[in-house]
Amino acid sequence: MHFDILTLFPAFFESPLSQSIIKRAREAGLISIALHNIRDYATDKHRTTDDTPYGGGGGMIMKPEPIFAAVEAILEDKELGTNRPSPPVILLSPQGRLFTQKIARELSRHPRLILICGHYEGVDERVRQYLATDEISIGDYVLTGGEAPALVIVEAVTRLVPGVLGDPGAPFEDSHAEGLLEYPHYTRPPVFRGHKVPEVLLSGDHAAVIRWRRQQALRRTWERRPDLLSKAKLSEADKAFLRQLEEEREELRFANESNL
């Protein structure tokens, strides 16, 4: 898997891309990352990449010429191969589709991704219309540029590349991987400041541990992100457990009302 990141601020990525899982994946040759400074593709002596918006208004708009030139240079890269399809050209934008684990899996199926980091007030609309093949947002909030979203996508997709994580099943146990929040984790000591690890995790009963973890994932999702349950893959046992939780909630509500 190869990532091409187009940015005005390559230094933003130096530390994050040299740490932890991403560092190990790069060293193992499982992923590669190229940072492309958009200023290098500007043609004037000042390497201008932004200008004032037509029609007036505050802020500056990123010019289309350097961005088009950068992407076209990447697409001409012989390493892409003549018989391979062009990679997705993704514009990081608050107007894009909301990034999810499902989209991360979708992107992980491509051997190469091109990520365009916007900045200032945005990019010239012609980049969106005639160059980008996809737009992605990481949430409904305002950021200075697309650099942080690009890092989020690189990390989420990298975790799905075969061989990156030591445990082959790990990507499928993470929060959101199967549409549910993750179950709680514990490690040594078994008792910390009077708080004990759940007995089932110390029992050695593997089937009981699996059942407890599944039910805890269901409970957490039901309590914190019930909207996810409508899309999650649920077994009949899962549905029965969720009905039990609903019944317990109703019983508690009735008891509270009776005490008023």
# chains A, B, ... in the order shown; residues from 1 in each chain; ligands from 1
>>> residues_around(residues="Thr100 (chain A)", least_positions_apart="2", cutoff="12 Å", atoms="only C-alpha atoms", output="ChimeraX atom specification")
/A:96-98,102-107,136-139,152-153,156-157,175-179,228
>>> write_last_selection(atoms="C-alpha atoms", output="CSV table (one decimal), in the first residue's frame")
chain,number,residue,atom,x,y,z
A,96,GLY,CA,-17.0,15.1,1.9
A,97,ARG,CA,-18.5,11.8,3.0
A,98,LEU,CA,-18.0,11.1,6.7
A,102,LYS,CA,-16.3,0.8,6.3
A,103,ILE,CA,-14.7,3.5,4.2
A,104,ALA,CA,-11.3,2.6,5.6
A,105,ARG,CA,-11.8,-1.0,4.5
A,106,GLU,CA,-12.9,0.2,1.1
A,107,LEU,CA,-9.7,2.3,0.7
A,136,ILE,CA,-13.8,12.7,2.7
A,137,SER,CA,-14.4,14.5,6.0
A,138,ILE,CA,-13.4,13.2,9.4
A,139,GLY,CA,-16.1,15.0,11.3
A,152,VAL,CA,-6.3,9.8,10.4
A,153,ILE,CA,-6.9,8.1,7.0
A,156,ALA,CA,-6.9,3.7,9.8
A,157,VAL,CA,-6.1,2.2,6.5
A,175,SER,CA,-14.2,-0.4,18.1
A,176,HIS,CA,-16.3,0.2,15.0
A,177,ALA,CA,-14.7,-2.7,13.1
A,178,GLU,CA,-17.9,-4.8,13.3
A,179,GLY,CA,-20.2,-1.9,13.9
A,228,LEU,CA,-24.6,2.0,15.5
>>> select_by_dssp(residues="region 168-256 of chain A", states="strand (DSSP E)", output="ChimeraX atom specification")
/A:191-192,195-196
>>> residues_around(residues="Asp40 (chain A)", least_positions_apart="5", cutoff="12 Å", atoms="only C-alpha atoms", output="ChimeraX atom specification")
/A:6-10,35,45-49,65-67,69-70,73
>>> residues_around(residues="Lys239 (chain A)", least_positions_apart="3", cutoff="12 Å", atoms="only C-alpha atoms", output="PyMOL selection string")
chain A and resi 214-215+218-219+222+229-230+232-236+242-246
>>> write_last_selection(atoms="N, CA and C atoms", output="CSV table (one decimal), in the first residue's frame")
chain,number,residue,atom,x,y,z
A,214,ARG,N,-18.5,-10.1,24.1
A,214,ARG,CA,-19.5,-9.7,23.1
A,214,ARG,C,-20.6,-8.9,23.8
A,215,GLN,N,-21.1,-9.4,24.9
A,215,GLN,CA,-22.2,-8.7,25.6
A,215,GLN,C,-21.7,-7.3,26.1
A,218,LEU,N,-21.9,-5.0,23.1
A,218,LEU,CA,-23.2,-4.7,22.9
A,218,LEU,C,-23.8,-3.7,23.9
A,219,ARG,N,-23.5,-3.9,25.2
A,219,ARG,CA,-23.9,-3.0,26.2
A,219,ARG,C,-23.4,-1.6,26.0
A,222,TRP,N,-25.0,0.1,23.0
A,222,TRP,CA,-26.4,0.4,23.4
A,222,TRP,C,-26.5,1.6,24.3
A,229,LEU,N,-26.2,0.4,16.3
A,229,LEU,CA,-26.8,-0.9,16.3
A,229,LEU,C,-27.7,-1.2,15.1
A,230,SER,N,-28.2,-0.2,14.5
A,230,SER,CA,-29.1,-0.5,13.3
A,230,SER,C,-28.3,-1.0,12.1
A,232,ALA,N,-25.2,-2.7,12.6
A,232,ALA,CA,-24.3,-3.8,13.1
A,232,ALA,C,-24.9,-5.2,12.7
A,233,LYS,N,-24.0,-6.1,12.5
A,233,LYS,CA,-24.4,-7.5,12.2
A,233,LYS,C,-24.7,-8.2,13.6
A,234,LEU,N,-25.9,-8.5,13.8
A,234,LEU,CA,-26.3,-9.0,15.1
A,234,LEU,C,-26.9,-10.4,15.0
A,235,SER,N,-26.5,-11.3,15.9
A,235,SER,CA,-27.0,-12.6,15.9
A,235,SER,C,-28.3,-12.6,16.7
A,236,GLU,N,-29.0,-13.8,16.7
A,236,GLU,CA,-30.2,-13.9,17.5
A,236,GLU,C,-29.9,-13.7,19.0
A,242,LEU,N,-29.9,-7.6,23.8
A,242,LEU,CA,-30.4,-6.2,23.7
A,242,LEU,C,-31.8,-6.0,24.2
A,243,ARG,N,-32.7,-7.0,24.0
A,243,ARG,CA,-34.0,-7.0,24.5
A,243,ARG,C,-34.0,-7.0,26.0
A,244,GLN,N,-33.1,-7.8,26.5
A,244,GLN,CA,-32.9,-7.9,28.0
A,244,GLN,C,-32.5,-6.6,28.6
A,245,LEU,N,-31.6,-5.9,27.9
A,245,LEU,CA,-31.2,-4.6,28.4
A,245,LEU,C,-32.3,-3.6,28.4
A,246,GLU,N,-33.1,-3.6,27.3
A,246,GLU,CA,-34.3,-2.7,27.2
A,246,GLU,C,-35.3,-3.0,28.4
>>> atom_distance(atom1="CA of Gln95 (chain A)", atom2="CA of Val123 (chain A)")
11.8 Å
>>> atom_distance(atom1="CA of Tyr183 (chain A)", atom2="CA of Arg213 (chain A)")
5.5 Å
>>> closest_residue(among="A:Phe192, A:Tyr130, A:Phe3, A:Phe13", to="His110 (chain A)", atoms="only C-alpha atoms")
A:Phe3
>>> atom_distance(atom1="CA of Gln216 (chain A)", atom2="CA of Glu182 (chain A)")
8.0 Å
>>> residues_around(residues="Ile114 (chain A)", least_positions_apart="4", cutoff="10 Å", atoms="only C-alpha atoms", output="number ranges by chain")
A: 2-6, 34, 71, 74-75, 86-91, 132-133, 150
>>> write_last_selection(atoms="N, CA and C atoms", output="short mmCIF file (atom, residue, chain, number, x, y, z; two decimals), in the first residue's frame")
data_model
loop_
_atom_site.label_atom_id
_atom_site.label_comp_id
_atom_site.auth_asym_id
_atom_site.auth_seq_id
_atom_site.Cartn_x
_atom_site.Cartn_y
_atom_site.Cartn_z
N HIS A 2 0.58 2.18 -0.91
CA HIS A 2 1.35 3.41 -1.00
C HIS A 2 0.42 4.61 -0.86
N PHE A 3 0.87 5.60 -0.10
CA PHE A 3 0.12 6.84 0.10
C PHE A 3 0.91 8.00 -0.49
N ASP A 4 0.27 8.80 -1.33
CA ASP A 4 0.83 10.06 -1.79
C ASP A 4 0.05 11.18 -1.11
N ILE A 5 0.74 12.03 -0.35
CA ILE A 5 0.08 13.10 0.38
C ILE A 5 0.54 14.43 -0.18
N LEU A 6 -0.40 15.22 -0.69
CA LEU A 6 -0.12 16.54 -1.23
C LEU A 6 -0.45 17.58 -0.16
N ALA A 34 4.76 8.96 0.43
CA ALA A 34 5.49 10.04 -0.22
C ALA A 34 4.78 11.35 0.07
N VAL A 71 -0.78 16.20 -8.92
CA VAL A 71 -1.49 14.93 -9.12
C VAL A 71 -1.11 14.32 -10.47
N ILE A 74 2.17 12.59 -10.30
CA ILE A 74 2.07 11.31 -9.60
C ILE A 74 1.48 10.25 -10.52
N LEU A 75 0.45 10.61 -11.26
CA LEU A 75 -0.21 9.65 -12.15
C LEU A 75 0.69 9.20 -13.29
N SER A 86 -5.98 3.90 -12.20
CA SER A 86 -5.51 5.07 -11.46
C SER A 86 -6.01 5.01 -10.03
N PRO A 87 -5.20 5.46 -9.08
CA PRO A 87 -5.62 5.42 -7.67
C PRO A 87 -6.68 6.46 -7.38
N PRO A 88 -7.46 6.28 -6.32
CA PRO A 88 -8.40 7.32 -5.91
C PRO A 88 -7.65 8.61 -5.59
N VAL A 89 -8.21 9.73 -6.02
CA VAL A 89 -7.66 11.04 -5.71
C VAL A 89 -8.63 11.68 -4.71
N ILE A 90 -8.23 11.72 -3.45
CA ILE A 90 -9.14 12.07 -2.36
C ILE A 90 -8.85 13.49 -1.87
N LEU A 91 -9.84 14.33 -1.93
CA LEU A 91 -9.74 15.69 -1.39
C LEU A 91 -10.28 15.66 0.04
N ALA A 132 -10.40 15.59 -8.26
CA ALA A 132 -10.67 14.65 -7.18
C ALA A 132 -11.71 13.62 -7.62
N THR A 133 -11.49 12.39 -7.22
CA THR A 133 -12.48 11.33 -7.47
C THR A 133 -13.30 11.02 -6.23
N ALA A 150 -5.71 13.69 6.87
CA ALA A 150 -4.87 12.77 6.09
C ALA A 150 -4.19 11.76 7.00
#
>>> select_by_dssp(residues="region 15-255 of chain A", states="helix (DSSP H, G or I)", output="PyMOL selection string")
chain A and resi 16-18+20-27+38-41+64-75+78-80+101-108+125-130+147-158+170-172+199-202+206-224+226-230+236-255
>>> closest_residue(among="A:Asp134, A:Ala11, A:Thr158, A:Tyr41", to="Arg26 (chain A)", atoms="only C-alpha atoms")
A:Thr158
>>> closest_residue(among="A:Phe68, A:Phe12, A:Tyr141, A:Tyr54", to="Arg128 (chain A)", atoms="only C-alpha atoms")
A:Phe68
